[in-house]
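**Student:** Mind having a look at this structure? Questions to follow.
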Amino acid sequence: MSDMPVALQQDISFEAIQEILENIPLFKKTNETFQRQLSLKLHCYVFGPGDIIVYAGDMGREMFCIRRGYCDVMSPDLQTNLMSIGPLQYFGEMGLITGEYRMATVIAKTNAEIYMLTKNAFDEVLENFPLLKTQFEKAAANRSVLETIRKKIKILKPGEDATVKTPESQEAQVVDTLSSMAVFCKELEGGQDNLDYIKPFQKSNFISQFFSRLLMKTTFLPSGKLLRYLTLVLILIGLVQSISITIHASFYPSSTFLWVFNYLLDLCMLTGMYVGFHTAFYTDEGILVTHPLSTARHYLRGNFIIDVLACFPIEIFALFAYSSLKDEVVHLLTCVRVNRIINIYRLPLAFAYLESKIQKETGFIREVKFSFYTVIFLHWLTCGLFIMACPPAIVVSPSSSDAHSDMHALSGHCHANSWIVKAGFNVTGSDENLGNMYILSFYWACATSVSVGYGEVSANTNPEKIVTLMFMIMGVVFFGYIIASVAASLANADAQRANFQEKLTAINTFMIDQNLDSNLRTRVLSHYEYVWLRTKGVDPDSLFDGLPLSLWGDVTFSLYEDLISKVPLFENTEAGFMKMLSRCIKPMLFLQGEYVVKKYDVGSEMFFIHRGAVDVVSEDGQMVFATMRAGKMFGEVALLFSCPRTASVRAQTNTDVFVLNKTDLDNVLGHYPAVKKQVMTIAEERQAKAKKRSAAKLSISSKTSTQPSTATSAATKTSATSAPTTEPPTIRSKDDNEEIELLSLIPEGAVSPVADTMAQNVNTSADTKPVEEDTPTKKPSCFGRMLAGLHKASRHTFRSNSLGFRLYADLICFLSIISTWTITFQAAYQDHHTAIIVVSYVVDVFFWIDIYLKFHLCFYDNFGDLVVDFDQIYKNYLKNPGGFALDFVAAFPLDILALAAPSGFQLRALSYLRLVHLLRLVRSSQFFAKWEKELNINMLVARLTKFGIVLIILIHCFSCVWYMLACLNAECSLDSWAGNADYLEKNPTSMTRYCDSVYWCVATMTSTGYGDFRAYTYIEMAFASAVMVIGKLMFGFTLGNIASTLANAATQRVKYEGRLEAIRNHMEDQSVPKVLKERVINYLDYLWLRNKAVDIKVVLADCPGPMLAEIFLGLTRYMFQKIQLFTKVDDDSFYRLLSLKVSQSLTNANDYIYHKGDVGQQVFFIQRGKVELLDDWGNVLSVQSAGTVLCEVSVAINMPRPYNARAVTTVDLLVLDKCDLDECLAYYPGIQEIVSENINKQYGHLMPQAKASSALNVPK
């Protein structure tokens, strides 16, 4: 409702919440205006039965109002129900007013809708009502008033009856939802009548009492397994009936088996109706109603009517009309039973229920749904077409003397001029012939619905033409619905990827436009690709958005409790504080080699290592001081004091960390003053101890540096004889967290003594190690060296992300496709040309080489880490179901067995045995699946390539099968399509036969259907029917996928065009001058062309801090060098912090950047374009180009602009505000002194003028 007028929003919200607010004493006497504003601040949450809303002892600044449902107020141990509360009742008002601890735990008893009012929202409304604000503040400060409120809050003792009676309290039963049934008894254990069960019957009328005797004393719970199984059985019965009833009515009306089978299904459906009378249900308030009389009434108002229509025995009326049971009458009876297919209504309801469950894989569910729908639709069309040609004979008018002469007997009667007879097929009543008739009808139904229309089967009579016309339209609509649904599903499924891809494109475009370092660009793109791999574009900060605070707190507390409890600052704090703090922790990802924090950067976060490892390194990154792994944390001092870091931390591997920010911590500590005092005391003590340790190490270092150098030289000599190390030395303390705290607190100069101490420790240990004399060793033999070399080579691994292996993967995919073509072509056409055989075996050699390489090929695990260890690679490939086992079977030379075949059949056996190698297609599928998972690719090209290859393979395989149906083992049947094409006489070449088969396949799949090649035998018809449907769906799926890809790629543009149109219409409505309107539109057009109208700071908001600072420092470094105030300032940490404060601005040609006399505190840097400086009369004073600083004095002295500045061309500006500069200087006192000296030196003479100007602007 955010786009509605505020008054209308208030009307809607107040209408829904008015009754609740008027029932709360706190707001009862407030005016309507206050209540209307307050109604906009309430948020509605839904709780299920058993969900905990608030916990006793937690600190809460929220108040809750129940709109619908019921809640239980429980004792702290959750064992005793103190009271129950329902609609229009509330709780938590003490927390809202005073921030008191919760006095009880509240649990949802039923499904409940509850409004929540937070303290911040309440204070925001009170700002508009000063009198009410004063009253609430006085009430919160008056302890006697609070004690009075506490006494008025009634908390019942255990055993005291205060249960709120529900509207259906006599009929609603709260039962164990894990059971399957609720059982009622007329008498209780003491022999008394069970009034909860008896009273509803006594209140009902005579008819209800009469029929209620048929009801059981048991009802079935909707959550019970028994009812789920019964529902599943009824769905399957409805599905079976939709098939069996139509087959019975059209093809087998005299089948005794189908008569018995269908009536048994009817009996099952009647049983289902009886169960429906005893199915419990939930009311709108979430109350479970289980009384048999209530469940029966609910069923009568629900599905009872449609179930009666689906089970009503209409055939009874037909029996009354005809006394004998001749074949014609029996056929008629099967036709009037067609109402049973109404039971299929349960199938769409079941799929709708499954698709509503967001935790289910809805893609697979939709595929199953559309498959069922397609089969049922085509089956109904098949039966309808056949029964149209062969209706019940009794339907024919008896007045026609030659009625029977125009019909042929077929277990019913078929018209002599029907489509079946005119098609020239032999019509008999045998079961085999009826099966063939079904295939023929199905063939025509498919050809009609998918618009192939070969023409060999067509409508003859006018009724047939009308019916087939309807079937054509129905087919187009039905398959159009399926294709559109698939396209919509694909578009929705790919929307997240498309949005993330647009974000990545915007970042890449920005970095290229700003000429940032190529190495930095690669690192940034790699980071976001890794983020996509791990999160699929979902912002981790928004994972739990929309959850109630209690549930959110339970989830985060279970995730982060161990981490928080290990922090010394938070030891022995209460659970409520830890739970609130856990909601503030956010996950963050770092790639291997990226900095988590950098030395001298101002820090305000604490980091918890969840997975991976980080190194504490020197400023240049060459020396490692400590290594921390999962479960450790660092930065707790910066979390409290926001001090500059005195050590850098770099990710040793791909690392997952949890981050706690100072702002969030301060907010939580504001609710817990006692905890805040405790935390600050511990922090100050630890800081003092750390400084003492630092001073002690400095003194030790200074003493050791004055010792004679003999030990050092000896250590150097010893180390010179030792093996060289490839990694920098590492300091490890007993407590890594303590070491990090020390490194974060000691001054800059103390880092090197720590390294010196470490080096001395290393040298000392080297000195104490006895020197062993050199002993002669036996040189290995030549054979031994060869074995060692082979062993080393056998454990060598290859990186899969190298260019060579990417090209190799492309080659393997191509070879698998070539292999598929040659194998199927040989098996179908029995063409054993030497070139084809050679190509096949060359491909086999490549796949054996591929198997060997797979044992040595690195892979990425689920966390995006590149696994390079040979043993892990070996085990992964060996155990992966799609790995070695599949590749081995696909490459196994099973065709060797062909040598055992007779000499004349060896090549034929060879071609069939090689079909097992078609498993190689799985490699192609894996290739495209991996390709589509990559982020920074052209998705349209990838999918066009994939579907193009899939269609080629599918057409080729269908063509081979089509030919084999006519010419098995290259011997063509006379009555097949090949025989009718004169293959027996012409004996065309294999390539001609292949082209004919492909021609038919493409014509059929694309719904062209020329008819020059068509099906003649029934097996050909069955296969052609499958090809028609698969082709229709496949091409539809391909086009839908392409359409969804294009639509998602243009999402951002469509949104921007919509925004542009809205702005244009608004300016039209407001009669904005044409010149100004054109300037606005031109600016927005330029904004889109430059950066797709993306705010780069918003896009990069989730980028790690050090990387983000590096990006903006690369953008602004030249600007800082040009600003004279920063002369003699050479501190990258300061510039990194300041660069994050600089903003970008785009200005169109002829637009003013600022006017003379404007008062501003920003300095401008021309990054691109030209700016002219003008006087009051428009005369050009000068023209400034890229690299010029404008109004530098504004960040030093508050004085008006001395001239007008107008863009000559389109101008890109970097803007720095004085407030941001002052904020950064506050962290660096030394730099602040340098900047102050530069200001006095350069602009000191302007100070009096600035003071005079300020005095003139002061209002009198």
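Letters A, B, ... go to the chains of the structure tokens in the order shown; residues in each chain start at 1; ligands are counted from 1 in the same order.
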Pick out the residues sitting within 7 Å of Asn1238 of chain A, and hand them over as a PyMOL selection string; count only C-alpha atoms, and ignore anything fewer than 4 positions along from it in its own chain.
**Tutor:** chain A and resi 1125+1234+1242
**Student:** Using the selection just defined, write its residues with C-alpha atoms as a PDB file, in the first residue's frame.
**Tutor:**
```pdb
ATOM      1  CA  LEU A1125      44.566  20.259   1.637  1.00  0.00           C
ATOM      2  CA  ILE A1234      48.406  18.360   8.823  1.00  0.00           C
ATOM      3  CA  GLN A1242      46.357  28.333   1.957  1.00  0.00           C
TER       4      GLN A1242
END
```
**Student:** List as a PyMOL selection string the protein and nucleic acid residues near Ile114 of chain A, meaning an atom at most 7 Å away when only C-alpha atoms are counted, but skip any in the same chain fewer than 2 places from it.
**Tutor:** chain A and resi 44-46+64-67+112+116
**Student:** Write the residues of the preceding selection, restricted to C-alpha atoms, as a PDB file, in the first residue's frame.
**Tutor:**
```
ATOM      1  CA  CYS A  44       0.751  -8.654  11.360  1.00  0.00           C
ATOM      2  CA  TYR A  45       2.427 -12.034  11.902  1.00  0.00           C
ATOM      3  CA  VAL A  46       0.948 -15.517  11.605  1.00  0.00           C
ATOM      4  CA  PHE A  64       1.225  -7.860  20.815  1.00  0.00           C
ATOM      5  CA  CYS A  65      -2.492  -7.734  20.000  1.00  0.00           C
ATOM      6  CA  ILE A  66      -4.427 -10.871  18.995  1.00  0.00           C
ATOM      7  CA  ARG A  67      -6.652 -10.418  15.963  1.00  0.00           C
ATOM      8  CA  ALA A 112      -3.125 -17.054  15.254  1.00  0.00           C
ATOM      9  CA  MET A 116       3.032  -6.357  16.815  1.00  0.00           C
TER      10      MET A 116
END
```
**Student:** Would you give me, as a ChimeraX atom specification, the residues in segment 897-1003 of chain A that DSSP reads as helix (DSSP H, G or I)?
**Tutor:** /A:897-900,903-933,939-966,977-980,983-986,990-1003
**Student:** Could you check which of A:Pro568, A:Pro200, A:Gly979, A:Pro348 is closest to Arg366 of chain A, using only C-alpha atoms?
**Tutor:**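 Result for the nearest residue to Arg366 of chain A: A:Pro348.
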**Student:** So the first atom is atom CA of Ile12 of chain A and the second is atom CA of Arg36 of chain A; what is the distance between them in Å, to one decimal place?
**Tutor:** 9.5 Å
